[in-house]
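*Asks:* Contents of query25.tsv (TSV, N, CA and C atoms) are below:
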```tsv
chain	number	residue	atom	x	y	z
A	1	MET	N	90.90	111.36	127.20
A	1	MET	CA	90.69	110.48	126.06
A	1	MET	C	90.67	109.04	126.58
A	2	ASP	N	89.66	108.28	126.20
A	2	ASP	CA	89.58	106.92	126.71
A	2	ASP	C	90.61	106.01	126.02
A	3	LEU	N	90.84	104.85	126.59
A	3	LEU	CA	91.88	103.93	126.15
A	3	LEU	C	91.66	103.46	124.71
A	4	THR	N	90.41	103.15	124.33
A	4	THR	CA	90.12	102.66	122.98
A	4	THR	C	90.45	103.72	121.94
A	5	ARG	N	90.03	104.94	122.18
A	5	ARG	CA	90.30	106.01	121.22
A	5	ARG	C	91.80	106.28	121.11
A	6	ARG	N	92.52	106.22	122.23
A	6	ARG	CA	93.96	106.46	122.22
A	6	ARG	C	94.66	105.38	121.40
A	7	LYS	N	94.25	104.12	121.56
A	7	LYS	CA	94.86	103.04	120.78
A	7	LYS	C	94.58	103.22	119.30
A	8	MET	N	93.34	103.62	118.95
A	8	MET	CA	93.01	103.86	117.55
A	8	MET	C	93.88	104.97	116.98
A	9	THR	N	94.07	106.05	117.72
A	9	THR	CA	94.87	107.17	117.28
A	9	THR	C	96.32	106.75	117.09
A	10	GLU	N	96.88	105.98	118.03
A	10	GLU	CA	98.25	105.51	117.91
A	10	GLU	C	98.41	104.61	116.70
A	11	THR	N	97.44	103.74	116.44
A	11	THR	CA	97.49	102.84	115.29
A	11	THR	C	97.44	103.63	114.01
A	12	GLN	N	96.57	104.63	113.92
A	12	GLN	CA	96.46	105.44	112.72
A	12	GLN	C	97.74	106.21	112.46
A	13	GLN	N	98.41	106.66	113.50
A	13	GLN	CA	99.63	107.43	113.32
A	13	GLN	C	100.77	106.56	112.82
A	14	LYS	N	100.84	105.30	113.19
A	14	LYS	CA	101.93	104.42	112.79
A	14	LYS	C	101.75	103.87	111.38
A	15	ARG	N	100.52	103.79	110.90
A	15	ARG	CA	100.21	103.18	109.61
A	15	ARG	C	100.68	104.07	108.45
A	16	LYS	N	101.37	103.48	107.49
A	16	LYS	CA	101.82	104.20	106.30
A	16	LYS	C	100.74	104.20	105.24
A	17	ALA	N	100.66	105.27	104.47
A	17	ALA	CA	99.70	105.37	103.38
A	17	ALA	C	100.06	104.38	102.29
A	18	LYS	N	99.03	103.84	101.65
A	18	LYS	CA	99.26	102.96	100.51
A	18	LYS	C	98.38	103.40	99.36
A	19	LEU	N	98.64	102.90	98.18
A	19	LEU	CA	97.95	103.34	96.98
A	19	LEU	C	96.44	103.21	97.09
A	20	SER	N	95.94	102.13	97.63
A	20	SER	CA	94.50	101.92	97.71
A	20	SER	C	93.80	102.93	98.62
A	21	ASP	N	94.54	103.61	99.49
A	21	ASP	CA	93.95	104.65	100.32
A	21	ASP	C	93.47	105.84	99.48
A	22	SER	N	94.01	105.98	98.30
A	22	SER	CA	93.71	107.12	97.44
A	22	SER	C	92.55	106.86	96.49
A	23	PHE	N	91.99	105.68	96.51
A	23	PHE	CA	90.93	105.33	95.56
A	23	PHE	C	89.58	105.81	96.05
A	24	GLY	N	88.78	106.26	95.09
A	24	GLY	CA	87.43	106.71	95.41
A	24	GLY	C	86.38	105.66	95.13
A	25	GLY	N	86.73	104.60	94.45
A	25	GLY	CA	85.78	103.53	94.19
A	25	GLY	C	85.36	103.39	92.74
A	26	THR	N	85.58	104.41	91.91
A	26	THR	CA	85.17	104.35	90.51
A	26	THR	C	86.25	103.68	89.68
A	27	VAL	N	85.82	102.77	88.80
A	27	VAL	CA	86.75	102.07	87.91
A	27	VAL	C	86.28	102.27	86.48
A	28	GLU	N	87.19	102.66	85.62
A	28	GLU	CA	86.90	102.86	84.19
A	28	GLU	C	86.76	101.52	83.51
A	29	LYS	N	85.63	101.28	82.89
A	29	LYS	CA	85.40	99.99	82.23
A	29	LYS	C	85.88	99.96	80.79
A	30	ASP	N	85.78	101.10	80.10
A	30	ASP	CA	86.14	101.16	78.68
A	30	ASP	C	87.37	102.04	78.50
A	31	ILE	N	88.53	101.42	78.49
A	31	ILE	CA	89.77	102.16	78.28
A	31	ILE	C	90.05	102.17	76.79
A	32	PRO	N	90.17	103.37	76.19
A	32	PRO	CA	90.39	103.46	74.74
A	32	PRO	C	91.73	102.87	74.32
A	33	ASP	N	91.75	102.29	73.12
A	33	ASP	CA	92.99	101.70	72.60
A	33	ASP	C	94.07	102.75	72.39
A	34	ASP	N	93.65	103.98	72.10
A	34	ASP	CA	94.61	105.04	71.81
A	34	ASP	C	94.94	105.89	73.05
A	35	ALA	N	94.68	105.36	74.24
A	35	ALA	CA	94.98	106.10	75.47
A	35	ALA	C	96.48	106.38	75.54
A	36	GLU	N	96.83	107.61	75.85
A	36	GLU	CA	98.24	108.00	75.95
A	36	GLU	C	98.70	107.81	77.39
A	37	TRP	N	99.40	106.69	77.64
A	37	TRP	CA	99.86	106.35	78.99
A	37	TRP	C	101.02	107.26	79.38
A	38	ILE	N	100.89	107.94	80.48
A	38	ILE	CA	101.91	108.87	80.97
A	38	ILE	C	102.76	108.11	81.99
A	39	ASP	N	104.07	108.12	81.77
A	39	ASP	CA	105.02	107.42	82.64
A	39	ASP	C	104.67	105.94	82.79
A	40	GLU	N	103.97	105.40	81.82
A	40	GLU	CA	103.53	103.99	81.85
A	40	GLU	C	102.76	103.66	83.12
A	41	ALA	N	102.11	104.69	83.70
A	41	ALA	CA	101.41	104.48	84.97
A	41	ALA	C	99.95	104.91	84.92
A	42	PHE	N	99.62	105.94	84.14
A	42	PHE	CA	98.25	106.46	84.11
A	42	PHE	C	98.01	107.23	82.83
A	43	TYR	N	96.74	107.48	82.53
A	43	TYR	CA	96.38	108.41	81.47
A	43	TYR	C	95.32	109.35	82.02
A	44	ILE	N	95.11	110.46	81.32
A	44	ILE	CA	94.17	111.47	81.78
A	44	ILE	C	93.06	111.62	80.76
A	45	LYS	N	91.82	111.65	81.26
A	45	LYS	CA	90.69	111.85	80.36
A	45	LYS	C	89.85	113.01	80.87
A	46	LYS	N	89.14	113.64	79.94
A	46	LYS	CA	88.23	114.72	80.29
A	46	LYS	C	86.88	114.10	80.62
A	47	THR	N	86.29	114.50	81.73
A	47	THR	CA	85.01	113.95	82.14
A	47	THR	C	83.87	114.71	81.46
A	48	ARG	N	82.68	114.19	81.58
A	48	ARG	CA	81.53	114.84	80.96
A	48	ARG	C	81.19	116.16	81.62
A	49	PHE	N	81.73	116.42	82.79
A	49	PHE	CA	81.48	117.68	83.50
A	49	PHE	C	82.57	118.71	83.24
A	50	GLY	N	83.53	118.40	82.38
A	50	GLY	CA	84.60	119.34	82.05
A	50	GLY	C	85.81	119.26	82.95
A	51	LEU	N	85.83	118.28	83.86
A	51	LEU	CA	87.00	118.08	84.72
A	51	LEU	C	87.94	117.08	84.07
A	52	PHE	N	89.08	116.87	84.69
A	52	PHE	CA	90.05	115.89	84.20
A	52	PHE	C	90.32	114.87	85.30
A	53	THR	N	90.43	113.60	84.91
A	53	THR	CA	90.65	112.52	85.85
A	53	THR	C	91.80	111.65	85.37
A	54	SER	N	92.73	111.33	86.28
A	54	SER	CA	93.79	110.39	85.92
A	54	SER	C	93.28	108.98	86.23
A	55	ILE	N	93.62	108.06	85.34
A	55	ILE	CA	93.18	106.68	85.45
A	55	ILE	C	94.41	105.78	85.43
A	56	LEU	N	94.53	104.96	86.45
A	56	LEU	CA	95.73	104.14	86.64
A	56	LEU	C	95.78	102.93	85.72
A	57	LYS	N	97.01	102.54	85.42
A	57	LYS	CA	97.23	101.31	84.64
A	57	LYS	C	97.19	100.09	85.56
A	58	GLU	N	97.63	100.28	86.81
A	58	GLU	CA	97.63	99.18	87.79
A	58	GLU	C	97.12	99.69	89.12
A	59	PRO	N	96.02	99.33	89.64
A	59	PRO	CA	95.03	98.42	89.06
A	59	PRO	C	94.33	99.09	87.87
A	60	LEU	N	94.18	98.33	86.82
A	60	LEU	CA	93.69	98.83	85.54
A	60	LEU	C	92.34	99.51	85.67
A	61	GLY	N	92.30	100.77	85.25
A	61	GLY	CA	91.05	101.51	85.19
A	61	GLY	C	90.65	102.25	86.45
A	62	GLN	N	91.42	102.15	87.50
A	62	GLN	CA	91.07	102.80	88.76
A	62	GLN	C	91.20	104.32	88.63
A	63	HIS	N	90.13	105.06	88.93
A	63	HIS	CA	90.19	106.52	88.94
A	63	HIS	C	91.08	106.95	90.11
A	64	PHE	N	91.89	107.99	89.87
A	64	PHE	CA	92.90	108.36	90.85
A	64	PHE	C	92.74	109.80	91.33
A	65	ILE	N	93.13	110.77	90.51
A	65	ILE	CA	93.08	112.18	90.87
A	65	ILE	C	92.15	112.90	89.91
A	66	THR	N	91.29	113.78	90.43
A	66	THR	CA	90.40	114.59	89.59
A	66	THR	C	90.68	116.05	89.88
A	67	GLY	N	90.69	116.87	88.82
A	67	GLY	CA	90.94	118.29	89.00
A	67	GLY	C	90.38	119.12	87.86
A	68	ALA	N	90.52	120.43	87.97
A	68	ALA	CA	89.95	121.36	87.01
A	68	ALA	C	90.77	121.49	85.73
A	69	THR	N	92.08	121.26	85.81
A	69	THR	CA	92.92	121.41	84.62
A	69	THR	C	93.73	120.14	84.35
A	70	TYR	N	94.07	119.96	83.08
A	70	TYR	CA	94.88	118.82	82.68
A	70	TYR	C	96.24	118.87	83.38
A	71	GLU	N	96.86	120.06	83.36
A	71	GLU	CA	98.18	120.23	83.95
A	71	GLU	C	98.18	119.96	85.46
A	72	GLY	N	97.13	120.41	86.13
A	72	GLY	CA	97.02	120.18	87.57
A	72	GLY	C	96.91	118.70	87.90
A	73	VAL	N	96.10	117.98	87.15
A	73	VAL	CA	95.94	116.54	87.38
A	73	VAL	C	97.23	115.80	87.04
A	74	LEU	N	97.90	116.20	85.98
A	74	LEU	CA	99.18	115.59	85.60
A	74	LEU	C	100.21	115.78	86.71
A	75	THR	N	100.35	117.01	87.19
A	75	THR	CA	101.32	117.31	88.24
A	75	THR	C	101.02	116.56	89.53
A	76	MET	N	99.78	116.60	89.97
A	76	MET	CA	99.43	115.97	91.24
A	76	MET	C	99.45	114.44	91.17
A	77	SER	N	99.09	113.87	90.02
A	77	SER	CA	99.15	112.41	89.87
A	77	SER	C	100.59	111.93	89.96
A	78	ARG	N	101.50	112.64	89.26
A	78	ARG	CA	102.92	112.28	89.32
A	78	ARG	C	103.46	112.44	90.74
A	79	TRP	N	103.12	113.56	91.39
A	79	TRP	CA	103.61	113.82	92.74
A	79	TRP	C	103.09	112.77	93.72
A	80	HIS	N	101.81	112.45	93.62
A	80	HIS	CA	101.19	111.49	94.54
A	80	HIS	C	101.82	110.11	94.38
A	81	LEU	N	102.00	109.67	93.14
A	81	LEU	CA	102.62	108.35	92.89
A	81	LEU	C	104.07	108.33	93.37
A	82	LYS	N	104.79	109.44	93.15
A	82	LYS	CA	106.19	109.52	93.59
A	82	LYS	C	106.27	109.43	95.11
A	83	CYS	N	105.40	110.16	95.80
A	83	CYS	CA	105.41	110.13	97.27
A	83	CYS	C	105.06	108.74	97.80
A	84	LEU	N	104.11	108.07	97.15
A	84	LEU	CA	103.76	106.71	97.56
A	84	LEU	C	104.95	105.77	97.37
A	85	GLN	N	105.63	105.94	96.25
A	85	GLN	CA	106.78	105.08	95.94
A	85	GLN	C	107.92	105.31	96.94
A	86	GLU	N	108.15	106.57	97.31
A	86	GLU	CA	109.23	106.90	98.23
A	86	GLU	C	108.84	106.74	99.70
A	87	GLY	N	107.53	106.58	99.95
A	87	GLY	CA	107.05	106.45	101.32
A	87	GLY	C	106.97	107.76	102.07
A	88	THR	N	106.88	108.87	101.33
A	88	THR	CA	106.85	110.19	101.98
A	88	THR	C	105.48	110.85	101.96
A	89	LEU	N	104.45	110.16	101.51
A	89	LEU	CA	103.13	110.77	101.44
A	89	LEU	C	102.63	111.20	102.81
A	90	ASP	N	102.90	110.42	103.83
A	90	ASP	CA	102.46	110.77	105.19
A	90	ASP	C	103.12	112.05	105.69
A	91	ASP	N	104.30	112.37	105.18
A	91	ASP	CA	104.99	113.59	105.59
A	91	ASP	C	104.30	114.84	105.04
A	92	ASN	N	103.51	114.66	103.99
A	92	ASN	CA	102.88	115.79	103.31
A	92	ASN	C	101.37	115.83	103.45
A	93	THR	N	100.80	114.96	104.27
A	93	THR	CA	99.35	114.93	104.45
A	93	THR	C	99.02	114.97	105.94
A	94	ARG	N	97.79	115.38	106.23
A	94	ARG	CA	97.34	115.39	107.61
A	94	ARG	C	95.83	115.22	107.63
A	95	VAL	N	95.33	114.72	108.73
A	95	VAL	CA	93.89	114.57	108.93
A	95	VAL	C	93.40	115.83	109.62
A	96	VAL	N	92.47	116.53	108.97
A	96	VAL	CA	91.94	117.75	109.53
A	96	VAL	C	90.86	117.45	110.55
A	97	ASN	N	90.02	116.46	110.25
A	97	ASN	CA	88.94	116.07	111.14
A	97	ASN	C	88.83	114.57	111.12
A	98	SER	N	88.85	113.97	112.27
A	98	SER	CA	88.82	112.51	112.33
A	98	SER	C	87.44	111.93	112.04
A	99	GLY	N	86.41	112.75	112.10
A	99	GLY	CA	85.06	112.27	111.86
A	99	GLY	C	84.43	111.62	113.08
A	100	VAL	N	85.11	111.64	114.21
A	100	VAL	CA	84.57	111.06	115.44
A	100	VAL	C	83.71	112.11	116.13
A	101	VAL	N	82.48	111.74	116.45
A	101	VAL	CA	81.58	112.65	117.15
A	101	VAL	C	81.69	112.38	118.64
A	102	GLY	N	82.08	113.39	119.37
A	102	GLY	CA	82.22	113.23	120.81
A	102	GLY	C	80.90	113.54	121.53
A	103	GLY	N	80.73	112.99	122.67
A	103	GLY	CA	79.53	113.27	123.45
A	103	GLY	C	78.37	112.39	123.05
A	104	LYS	N	77.25	112.69	123.64
A	104	LYS	CA	76.05	111.91	123.40
A	104	LYS	C	75.16	112.63	122.42
A	105	LEU	N	74.65	111.91	121.45
A	105	LEU	CA	73.76	112.54	120.46
A	105	LEU	C	72.32	112.45	120.87
```
What is this structure when it is put down as structure tokens?

*Replies:*
Amino acid sequence: MDLTRRKMTETQQKRKAKLSDSFGGTVEKDIPDDAEWIDEAFYIKKTRFGLFTSILKEPLGQHFITGATYEGVLTMSRWHLKCLQEGTLDDNTRVVNSGVVGGKL
């Protein structure tokens, strides 16, 4: 392994996960007045495709977790936020593929 790649790997291993790492880029523009805020942190809406998405209160409107069931999104959103708050998310996640292509293309 060359020196540059080794340094990148060491840096990635030392870095702690933060909330913005979990964002996909979509932000909800129209938050309904009657949104039921769960734990004063997020609410869940049904998407047009029949899935469920949690939407954060801070940063306002940021899409967070998407899943097939309301209960699954509720459970995973709470768990993910709790792990981020406690700093234990890195203990429960791993990178399966770094996305680095080795060799010459």

*Asks:* List every residue of chain A that DSSP, applied to the backbone of this structure, assigns to strand (DSSP E), and report them as a list in words.

*Replies:* Phe42, Tyr43, Ile44, Lys45, Lys46, Phe52, Thr53, Ser54, Ile55, Leu56, His63, Phe64, Ile65, Thr66 and Gly67 of chain A

*Asks:* Taking only residues of stretch 14-44 of chain A that have an atom at most 6 Å from an atom of stretch 61-82 of chain A, what is each one's shortest atom pair and its distance in Å to one decimal, using only C-alpha atoms, in chain and number order, as a Markdown table?

*Replies:*
```
| residue | atom | partner | partner_atom | distance |
| --- | --- | --- | --- | --- |
| A:Phe23 | CA | A:Phe64 | CA | 5.9 |
| A:Thr26 | CA | A:His63 | CA | 5.7 |
| A:Val27 | CA | A:Gln62 | CA | 4.5 |
| A:Glu28 | CA | A:Gly61 | CA | 4.5 |
```

*Asks:* Quote the spacing between atom CA of A:Pro32 and atom CA of A:Ile55 in Å to one decimal place.

*Replies:*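 For atom CA of A:Pro32 relative to atom CA of A:Ile55, the distance reads 11.5 Å.
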
*Asks:* Work out how far atom N of A:Leu56 is from atom N of A:Ile38, in Å to one decimal.

*Replies:*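 These atoms are spaced 9.2 Å apart.
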
*Asks:* I'd like the interatomic distance between atom CA of A:Asp33 and atom CA of A:Phe52, to a tenth of an Å.

*Replies:*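 Computing the Euclidean distance for atom CA of A:Asp33 and atom CA of A:Phe52 yields 18.6 Å.
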
*Asks:* Just list as a list in words whatever in chain A DSSP marks as alpha helix (DSSP H).

*Replies:*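 Of chain A, the ones in alpha helix (DSSP H) are Leu3, Thr4, Arg5, Arg6, Lys7, Met8, Thr9, Glu10, Thr11, Gln12, Gln13, Lys14, Tyr70, Glu71, Gly72, Val73, Leu74, Thr75, Met76, Ser77, Arg78, Trp79, His80, Leu81, Lys82, Cys83, Leu84, Gln85 and Glu86 of chain A.
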
*Asks:* Within 9 Å of A:Asp90, counting only C-alpha atoms, which residues show up once you throw out same-chain ones fewer than 6 positions away? Write them as a ChimeraX atom specification, please.

*Replies:* /A:16-17,83-84

*Asks:* Please export stretch 75-104 of chain A as a short mmCIF file (atom, residue, chain, number, x, y, z; two decimals), in the first residue's frame, restricted to N, CA and C atoms.

*Replies:*
```
data_model
loop_
_atom_site.label_atom_id
_atom_site.label_comp_id
_atom_site.auth_asym_id
_atom_site.auth_seq_id
_atom_site.Cartn_x
_atom_site.Cartn_y
_atom_site.Cartn_z
N THR A 75 -37.74 3.47 14.51
CA THR A 75 -36.72 2.79 15.31
C THR A 75 -35.31 3.19 14.88
N MET A 76 -35.04 3.15 13.59
CA MET A 76 -33.70 3.44 13.11
C MET A 76 -33.33 4.91 13.23
N SER A 77 -34.30 5.81 13.07
CA SER A 77 -34.02 7.25 13.25
C SER A 77 -33.63 7.53 14.69
N ARG A 78 -34.40 6.96 15.64
CA ARG A 78 -34.07 7.15 17.06
C ARG A 78 -32.70 6.55 17.39
N TRP A 79 -32.45 5.33 16.89
CA TRP A 79 -31.18 4.67 17.17
C TRP A 79 -30.00 5.45 16.59
N HIS A 80 -30.15 5.91 15.36
CA HIS A 80 -29.08 6.64 14.68
C HIS A 80 -28.76 7.94 15.41
N LEU A 81 -29.80 8.69 15.78
CA LEU A 81 -29.58 9.95 16.51
C LEU A 81 -28.96 9.70 17.89
N LYS A 82 -29.41 8.63 18.56
CA LYS A 82 -28.85 8.29 19.87
C LYS A 82 -27.36 7.94 19.75
N CYS A 83 -27.01 7.14 18.75
CA CYS A 83 -25.60 6.77 18.55
C CYS A 83 -24.75 7.99 18.22
N LEU A 84 -25.28 8.90 17.41
CA LEU A 84 -24.54 10.12 17.10
C LEU A 84 -24.32 10.96 18.36
N GLN A 85 -25.36 11.04 19.18
CA GLN A 85 -25.28 11.83 20.41
C GLN A 85 -24.26 11.22 21.38
N GLU A 86 -24.24 9.90 21.48
CA GLU A 86 -23.34 9.22 22.40
C GLU A 86 -21.94 9.01 21.82
N GLY A 87 -21.80 9.22 20.50
CA GLY A 87 -20.51 9.02 19.85
C GLY A 87 -20.19 7.57 19.59
N THR A 88 -21.21 6.71 19.52
CA THR A 88 -20.98 5.28 19.32
C THR A 88 -21.34 4.79 17.93
N LEU A 89 -21.69 5.68 17.02
CA LEU A 89 -22.09 5.24 15.68
C LEU A 89 -20.96 4.50 14.98
N ASP A 90 -19.73 4.94 15.15
CA ASP A 90 -18.59 4.28 14.51
C ASP A 90 -18.40 2.85 15.01
N ASP A 91 -18.84 2.57 16.23
CA ASP A 91 -18.72 1.22 16.77
C ASP A 91 -19.68 0.25 16.09
N ASN A 92 -20.72 0.78 15.46
CA ASN A 92 -21.77 -0.05 14.86
C ASN A 92 -21.81 0.03 13.34
N THR A 93 -20.85 0.68 12.72
CA THR A 93 -20.84 0.81 11.27
C THR A 93 -19.47 0.40 10.73
N ARG A 94 -19.46 0.05 9.45
CA ARG A 94 -18.19 -0.30 8.81
C ARG A 94 -18.30 0.01 7.33
N VAL A 95 -17.17 0.24 6.71
CA VAL A 95 -17.11 0.47 5.28
C VAL A 95 -16.86 -0.87 4.61
N VAL A 96 -17.78 -1.27 3.74
CA VAL A 96 -17.66 -2.55 3.06
C VAL A 96 -16.73 -2.43 1.87
N ASN A 97 -16.83 -1.31 1.15
CA ASN A 97 -16.00 -1.08 -0.02
C ASN A 97 -15.60 0.37 -0.03
N SER A 98 -14.33 0.63 -0.13
CA SER A 98 -13.86 2.01 -0.07
C SER A 98 -14.13 2.79 -1.36
N GLY A 99 -14.42 2.09 -2.44
CA GLY A 99 -14.67 2.75 -3.71
C GLY A 99 -13.40 3.09 -4.46
N VAL A 100 -12.25 2.70 -3.95
CA VAL A 100 -10.98 2.97 -4.62
C VAL A 100 -10.72 1.86 -5.63
N VAL A 101 -10.45 2.25 -6.86
CA VAL A 101 -10.15 1.27 -7.91
C VAL A 101 -8.64 1.11 -7.98
N GLY A 102 -8.19 -0.09 -7.77
CA GLY A 102 -6.75 -0.35 -7.82
C GLY A 102 -6.31 -0.71 -9.24
N GLY A 103 -5.09 -0.49 -9.53
CA GLY A 103 -4.56 -0.85 -10.84
C GLY A 103 -4.83 0.22 -11.88
N LYS A 104 -4.48 -0.12 -13.09
CA LYS A 104 -4.63 0.82 -14.19
C LYS A 104 -5.87 0.49 -14.98
#
```
